[in-house]
$ cat target-v3.pdb   # PDB, C-alpha atoms, pLDDT in the B column
ATOM      1  CA  MET D 663     -91.144  49.071  22.122  1.00 56.00           C
ATOM      2  CA  GLU D 664     -87.813  50.468  23.306  1.00 56.00           C
ATOM      3  CA  ASN D 665     -88.149  53.454  20.948  1.00 61.00           C
ATOM      4  CA  GLU D 666     -91.643  54.182  22.270  1.00 60.00           C
ATOM      5  CA  HIS D 667     -90.337  54.180  25.860  1.00 53.00           C
ATOM      6  CA  ALA D 668     -87.473  56.535  24.896  1.00 52.00           C
ATOM      7  CA  ASN D 669     -89.922  58.921  23.189  1.00 56.00           C
ATOM      8  CA  GLN D 670     -92.236  58.930  26.213  1.00 54.00           C
ATOM      9  CA  THR D 671     -89.307  59.515  28.568  1.00 53.00           C
ATOM     10  CA  SER D 672     -88.022  62.316  26.345  1.00 56.00           C
ATOM     11  CA  LYS D 673     -91.457  63.976  26.143  1.00 59.00           C
ATOM     12  CA  ARG D 674     -91.960  63.643  29.889  1.00 58.00           C
ATOM     13  CA  SER D 675     -88.531  65.122  30.732  1.00 56.00           C
ATOM     14  CA  THR D 676     -88.839  68.087  28.379  1.00 58.00           C
ATOM     15  CA  ARG D 677     -92.190  69.023  29.897  1.00 80.00           C
ATOM     16  CA  ARG D 678     -90.543  69.477  33.281  1.00 90.00           C
ATOM     17  CA  PRO D 679     -90.084  73.181  34.057  1.00 92.00           C
ATOM     18  CA  ALA D 680     -86.536  72.654  35.341  1.00 91.00           C
ATOM     19  CA  VAL D 681     -85.468  70.969  32.101  1.00 92.00           C
ATOM     20  CA  ILE D 682     -87.134  73.635  29.958  1.00 92.00           C
ATOM     21  CA  ALA D 683     -85.487  76.390  32.045  1.00 92.00           C
ATOM     22  CA  TRP D 684     -82.102  74.700  31.667  1.00 93.00           C
ATOM     23  CA  LEU D 685     -82.554  74.483  27.885  1.00 93.00           C
ATOM     24  CA  HIS D 686     -83.446  78.180  27.738  1.00 94.00           C
ATOM     25  CA  LEU D 687     -80.389  79.097  29.814  1.00 94.00           C
ATOM     26  CA  LEU D 688     -78.168  76.945  27.625  1.00 96.00           C
ATOM     27  CA  ARG D 689     -79.439  78.497  24.384  1.00 96.00           C
ATOM     28  CA  ILE D 690     -79.126  82.026  25.769  1.00 95.00           C
ATOM     29  CA  LEU D 691     -75.602  81.332  27.009  1.00 94.00           C
ATOM     30  CA  ARG D 692     -74.437  79.825  23.721  1.00 96.00           C
ATOM     31  CA  ARG D 693     -75.982  82.625  21.648  1.00 96.00           C
ATOM     32  CA  THR D 694     -74.489  85.274  23.937  1.00 94.00           C
ATOM     33  CA  GLU D 695     -71.033  83.665  23.952  1.00 92.00           C
ATOM     34  CA  ARG D 696     -70.959  83.568  20.132  1.00 94.00           C
ATOM     35  CA  ALA D 697     -72.114  87.182  19.865  1.00 95.00           C
ATOM     36  CA  ALA D 698     -69.664  88.283  22.594  1.00 94.00           C
ATOM     37  CA  ALA D 699     -66.787  86.598  20.769  1.00 94.00           C
ATOM     38  CA  ASP D 700     -67.730  88.554  17.637  1.00 94.00           C
ATOM     39  CA  GLU D 701     -67.982  91.765  19.654  1.00 94.00           C
ATOM     40  CA  LEU D 702     -64.568  91.268  21.307  1.00 96.00           C
ATOM     41  CA  ARG D 703     -62.863  90.772  17.948  1.00 95.00           C
ATOM     42  CA  ARG D 704     -63.112  94.570  17.569  1.00 92.00           C
ATOM     43  CA  TRP D 705     -60.298  94.709  20.135  1.00 94.00           C
ATOM     44  CA  ASP D 706     -58.545  91.636  18.746  1.00 95.00           C
ATOM     45  CA  LEU D 707     -59.391  89.697  21.912  1.00 96.00           C
ATOM     46  CA  SER D 708     -60.767  86.243  22.508  1.00 93.00           C
ATOM     47  CA  TYR D 709     -63.284  85.860  25.303  1.00 90.00           C
ATOM     48  CA  ALA D 710     -60.624  84.161  27.449  1.00 92.00           C
ATOM     49  CA  GLN D 711     -58.170  87.021  26.834  1.00 95.00           C
ATOM     50  CA  PHE D 712     -60.879  89.536  27.733  1.00 96.00           C
ATOM     51  CA  ASP D 713     -61.452  87.663  31.000  1.00 94.00           C
ATOM     52  CA  VAL D 714     -57.758  87.971  31.864  1.00 96.00           C
ATOM     53  CA  ILE D 715     -57.676  91.702  31.035  1.00 97.00           C
ATOM     54  CA  ALA D 716     -60.868  92.292  33.048  1.00 96.00           C
ATOM     55  CA  GLN D 717     -59.576  90.345  36.057  1.00 95.00           C
ATOM     56  CA  LEU D 718     -56.188  92.047  36.081  1.00 96.00           C
ATOM     57  CA  GLY D 719     -57.696  95.494  35.675  1.00 96.00           C
ATOM     58  CA  ALA D 720     -59.847  94.854  38.731  1.00 95.00           C
ATOM     59  CA  ALA D 721     -57.128  93.170  40.837  1.00 94.00           C
ATOM     60  CA  GLU D 722     -53.616  93.887  39.570  1.00 89.00           C
ATOM     61  CA  GLY D 723     -50.887  91.992  41.330  1.00 93.00           C
ATOM     62  CA  ILE D 724     -52.797  88.731  41.672  1.00 95.00           C
ATOM     63  CA  THR D 725     -50.832  85.567  41.056  1.00 93.00           C
ATOM     64  CA  GLN D 726     -51.214  83.183  38.138  1.00 91.00           C
ATOM     65  CA  GLN D 727     -52.705  80.643  40.551  1.00 90.00           C
ATOM     66  CA  GLU D 728     -55.293  83.141  41.784  1.00 93.00           C
ATOM     67  CA  LEU D 729     -56.148  84.094  38.220  1.00 94.00           C
ATOM     68  CA  ALA D 730     -56.595  80.428  37.232  1.00 90.00           C
ATOM     69  CA  ARG D 731     -58.840  79.889  40.257  1.00 90.00           C
ATOM     70  CA  ASN D 732     -60.903  83.019  39.496  1.00 91.00           C
ATOM     71  CA  LEU D 733     -61.413  82.000  35.874  1.00 90.00           C
ATOM     72  CA  LEU D 734     -61.999  78.313  36.676  1.00 87.00           C
ATOM     73  CA  VAL D 735     -59.289  77.158  34.278  1.00 88.00           C
ATOM     74  CA  THR D 736     -56.069  75.192  34.568  1.00 85.00           C
ATOM     75  CA  GLN D 737     -52.644  76.658  35.220  1.00 81.00           C
ATOM     76  CA  GLY D 738     -51.639  75.510  31.711  1.00 84.00           C
ATOM     77  CA  ASN D 739     -54.469  77.496  30.130  1.00 88.00           C
ATOM     78  CA  ILE D 740     -53.476  80.610  32.076  1.00 90.00           C
ATOM     79  CA  THR D 741     -49.869  80.227  30.984  1.00 91.00           C
ATOM     80  CA  GLN D 742     -50.880  80.101  27.310  1.00 92.00           C
ATOM     81  CA  LEU D 743     -53.200  83.096  27.667  1.00 93.00           C
ATOM     82  CA  LEU D 744     -50.552  85.116  29.484  1.00 95.00           C
ATOM     83  CA  ASP D 745     -47.908  84.219  26.893  1.00 96.00           C
ATOM     84  CA  LYS D 746     -50.105  85.652  24.128  1.00 96.00           C
ATOM     85  CA  LEU D 747     -51.076  88.767  26.076  1.00 97.00           C
ATOM     86  CA  GLU D 748     -47.474  89.345  27.137  1.00 97.00           C
ATOM     87  CA  ALA D 749     -46.308  89.025  23.498  1.00 97.00           C
ATOM     88  CA  ARG D 750     -48.857  91.739  22.596  1.00 97.00           C
ATOM     89  CA  GLY D 751     -47.444  93.991  25.311  1.00 98.00           C
ATOM     90  CA  LEU D 752     -50.636  94.004  27.390  1.00 98.00           C
ATOM     91  CA  VAL D 753     -49.597  92.000  30.454  1.00 97.00           C
ATOM     92  CA  ARG D 754     -46.403  91.663  32.443  1.00 97.00           C
ATOM     93  CA  ARG D 755     -45.402  88.894  34.849  1.00 95.00           C
ATOM     94  CA  CYS D 756     -43.490  90.175  37.863  1.00 94.00           C
ATOM     95  CA  PRO D 757     -41.607  87.404  39.699  1.00 91.00           C
ATOM     96  CA  VAL D 758     -42.108  87.599  43.463  1.00 89.00           C
ATOM     97  CA  GLY D 759     -40.508  84.694  45.252  1.00 89.00           C
ATOM     98  CA  ARG D 760     -41.743  81.498  43.637  1.00 88.00           C
ATOM     99  CA  THR D 761     -44.816  83.078  42.048  1.00 88.00           C
ATOM    100  CA  ASN D 762     -45.588  85.630  39.369  1.00 88.00           C
ATOM    101  CA  GLN D 763     -47.685  88.647  40.159  1.00 94.00           C
ATOM    102  CA  LEU D 764     -49.576  89.871  37.115  1.00 97.00           C
ATOM    103  CA  VAL D 765     -49.991  93.483  36.063  1.00 97.00           C
ATOM    104  CA  LEU D 766     -51.306  95.287  33.034  1.00 98.00           C
ATOM    105  CA  THR D 767     -48.846  97.331  31.019  1.00 98.00           C
ATOM    106  CA  ASP D 768     -49.763 100.898  30.042  1.00 98.00           C
ATOM    107  CA  ALA D 769     -51.176  99.513  26.785  1.00 98.00           C
ATOM    108  CA  GLY D 770     -53.078  96.868  28.769  1.00 98.00           C
ATOM    109  CA  ARG D 771     -54.569  99.514  31.063  1.00 97.00           C
ATOM    110  CA  LYS D 772     -55.650 101.606  28.069  1.00 97.00           C
ATOM    111  CA  LEU D 773     -57.312  98.555  26.568  1.00 97.00           C
ATOM    112  CA  TRP D 774     -58.974  97.728  29.900  1.00 98.00           C
ATOM    113  CA  VAL D 775     -60.371 101.267  30.169  1.00 97.00           C
ATOM    114  CA  ALA D 776     -61.833 100.978  26.668  1.00 96.00           C
ATOM    115  CA  VAL D 777     -62.999  97.382  26.464  1.00 97.00           C
ATOM    116  CA  VAL D 778     -64.428  96.584  29.909  1.00 96.00           C
ATOM    117  CA  PRO D 779     -67.045  99.368  30.108  1.00 96.00           C
ATOM    118  CA  ALA D 780     -67.965  98.867  26.439  1.00 96.00           C
ATOM    119  CA  HIS D 781     -68.390  95.125  26.935  1.00 96.00           C
ATOM    120  CA  GLU D 782     -70.379  95.614  30.142  1.00 95.00           C
ATOM    121  CA  ASP D 783     -72.697  98.012  28.271  1.00 96.00           C
ATOM    122  CA  TRP D 784     -73.030  95.476  25.452  1.00 96.00           C
ATOM    123  CA  GLN D 785     -73.819  92.667  27.900  1.00 95.00           C
ATOM    124  CA  ALA D 786     -76.323  94.815  29.807  1.00 95.00           C
ATOM    125  CA  ALA D 787     -78.122  95.622  26.557  1.00 96.00           C
ATOM    126  CA  ARG D 788     -78.664  91.873  26.050  1.00 95.00           C
ATOM    127  CA  PHE D 789     -81.118  92.090  28.971  1.00 95.00           C
ATOM    128  CA  ASP D 790     -83.153  94.966  27.550  1.00 95.00           C
ATOM    129  CA  GLY D 791     -86.012  92.536  26.917  1.00 95.00           C
ATOM    130  CA  LEU D 792     -86.622  92.537  30.673  1.00 96.00           C
ATOM    131  CA  THR D 793     -87.659  95.423  32.893  1.00 97.00           C
ATOM    132  CA  ARG D 794     -85.307  96.505  35.691  1.00 96.00           C
ATOM    133  CA  GLU D 795     -87.544  94.711  38.172  1.00 97.00           C
ATOM    134  CA  GLU D 796     -87.515  91.526  36.074  1.00 97.00           C
ATOM    135  CA  GLN D 797     -83.724  91.741  35.833  1.00 97.00           C
ATOM    136  CA  ARG D 798     -83.478  92.006  39.629  1.00 97.00           C
ATOM    137  CA  GLU D 799     -85.850  89.049  40.037  1.00 97.00           C
ATOM    138  CA  LEU D 800     -83.858  86.981  37.539  1.00 96.00           C
ATOM    139  CA  MET D 801     -80.652  87.844  39.390  1.00 96.00           C
ATOM    140  CA  ARG D 802     -82.250  86.823  42.686  1.00 97.00           C
ATOM    141  CA  LEU D 803     -83.492  83.513  41.286  1.00 96.00           C
ATOM    142  CA  LEU D 804     -80.205  82.665  39.567  1.00 94.00           C
ATOM    143  CA  GLY D 805     -78.326  83.495  42.773  1.00 95.00           C
ATOM    144  CA  LYS D 806     -80.626  81.206  44.730  1.00 95.00           C
ATOM    145  CA  LEU D 807     -80.101  78.417  42.186  1.00 94.00           C
ATOM    146  CA  GLU D 808     -76.341  78.889  42.233  1.00 91.00           C
ATOM    147  CA  ARG D 809     -76.215  78.775  46.042  1.00 93.00           C
ATOM    148  CA  SER D 810     -78.292  75.577  46.057  1.00 93.00           C
ATOM    149  CA  GLN D 811     -75.799  73.884  43.742  1.00 91.00           C
ATOM    150  CA  ARG D 812     -72.585  74.811  45.524  1.00 86.00           C
ATOM    151  CA  GLY D 813     -70.743  71.749  46.594  1.00 74.00           C
ATOM    152  CA  ALA D 814     -73.048  69.480  44.584  1.00 63.00           C
TER     153      ALA D 814
END

$ encode --input "target-v3.pdb" --output "structure tokens"
Amino acid sequence: MENEHANQTSKRSTRRPAVIAWLHLLRILRRTERAAADELRRWDLSYAQFDVIAQLGAAEGITQQELARNLLVTQGNITQLLDKLEARGLVRRCPVGRTNQLVLTDAGRKLWVAVVPAHEDWQAARFDGLTREEQRELMRLLGKLERSQRGA
């Protein structure tokens, strides 16, 4: 009896459009993250390292705290990422008072110039199954959904 109830509940919940949409988003995200990780290996970068390079290229001089907040990760995670990128000669910490401002080295800037546009092109191509208008509509709907969930 309990199994029958669980099956009915499961069938009922997966027929709900919101649940089906969430499952689609989850599958797309996971598939894209795996493929992106493979793509970024060409530059010997993890996805997290790419995020740091992309953020610093767009806003050099931000602090470690700001970077952690932007990437939604802990200060400890940022420290580990920066240690690795600094050891590769891509990032430099510049002490300013009690904080570190972060900048790309010349090698880091060269990498940023190469990897960010290439990765953006790669990501954009993942949406080629939709027309431009459908992409705009998807962006509008996802933005609306995101705004509705802020603070929840």

$ resolve_selection --input "target-v3.pdb" --expression "the PyMOL selection byres ((chain D and resi 773) around 10)" --output "VMD selection string"
chain D and resid 705 712 715 to 716 719 752 766 to 772 774 to 778

$ residues_around --input "target-v3.pdb" --residues "range 786-802 of chain D" --least-positions-apart "4" --cutoff "12 Å" --atoms "all atoms listed in the file" --output "list of chain:residue names"
D:Leu687, D:Ile690, D:Leu691, D:Arg693, D:Thr694, D:Glu695, D:Ala697, D:Ala698, D:Pro779, D:Ala780, D:His781, D:Glu782, D:Lys806, D:Leu807, D:Glu808, D:Arg809

$ atom_distance --input "target-v3.pdb" --atom1 "CA of Arg731 in chain D" --atom2 "CA of Gln711 in chain D"
15.2 Å

$ closest_atom_pairs --input "target-v3.pdb" --of "range 738-802 of chain D" --to "range 722-726 of chain D" --cutoff "12 Å" --atoms "all atoms listed in the file" --output "tab-separated table"
residue	atom	partner	partner_atom	distance
D:Gly738	CA	D:Gln726	CA	10.0
D:Asn739	CA	D:Gln726	CA	10.3
D:Ile740	CA	D:Gln726	CA	7.0
D:Thr741	CA	D:Gln726	CA	7.9
D:Gln742	CA	D:Gln726	CA	11.3
D:Leu743	CA	D:Gln726	CA	10.7
D:Leu744	CA	D:Gln726	CA	8.9
D:Asp745	CA	D:Gln726	CA	11.8
D:Val753	CA	D:Glu722	CA	10.1
D:Arg754	CA	D:Gly723	CA	10.0
D:Arg755	CA	D:Gln726	CA	8.8
D:Cys756	CA	D:Gly723	CA	8.4
D:Pro757	CA	D:Thr725	CA	9.5
D:Val758	CA	D:Thr725	CA	9.3
D:Gly759	CA	D:Thr725	CA	11.2
D:Arg760	CA	D:Thr725	CA	10.3
D:Thr761	CA	D:Thr725	CA	6.6
D:Asn762	CA	D:Thr725	CA	5.5
D:Gln763	CA	D:Thr725	CA	4.5
D:Leu764	CA	D:Gly723	CA	4.9
D:Val765	CA	D:Glu722	CA	5.1
D:Leu766	CA	D:Glu722	CA	7.1
D:Thr767	CA	D:Glu722	CA	10.4
D:Gly770	CA	D:Glu722	CA	11.2
D:Arg771	CA	D:Glu722	CA	10.2
D:Trp774	CA	D:Glu722	CA	11.7

$ atom_distance --input "target-v3.pdb" --atom1 "CA of Gln727 in chain D" --atom2 "CA of Val714 in chain D"
12.4 Å

$ closest_residue --input "target-v3.pdb" --among "D:Ala680, D:Leu734, D:Leu685, D:Lys746" --to "Ser708 in chain D" --atoms "all atoms listed in the file"
D:Lys746

$ axis_aligned_box --input "target-v3.pdb" --around "range 709-728 of chain D" --padding-each-side "4 Å" --output "lines of an AutoDock Vina configuration file"
center_x = -57.1
center_y = 88.1
center_z = 33.5
size_x = 20.5
size_y = 22.9
size_z = 24.5

$ atom_distance --input "target-v3.pdb" --atom1 "CA of Gly813 in chain D" --atom2 "CA of Ala720 in chain D"
26.7 Å

$ closest_residue --input "target-v3.pdb" --among "D:Glu728, D:Leu747, D:Gln811, D:His686" --to "Ala710 in chain D" --atoms "only C-alpha atoms"
D:Leu747
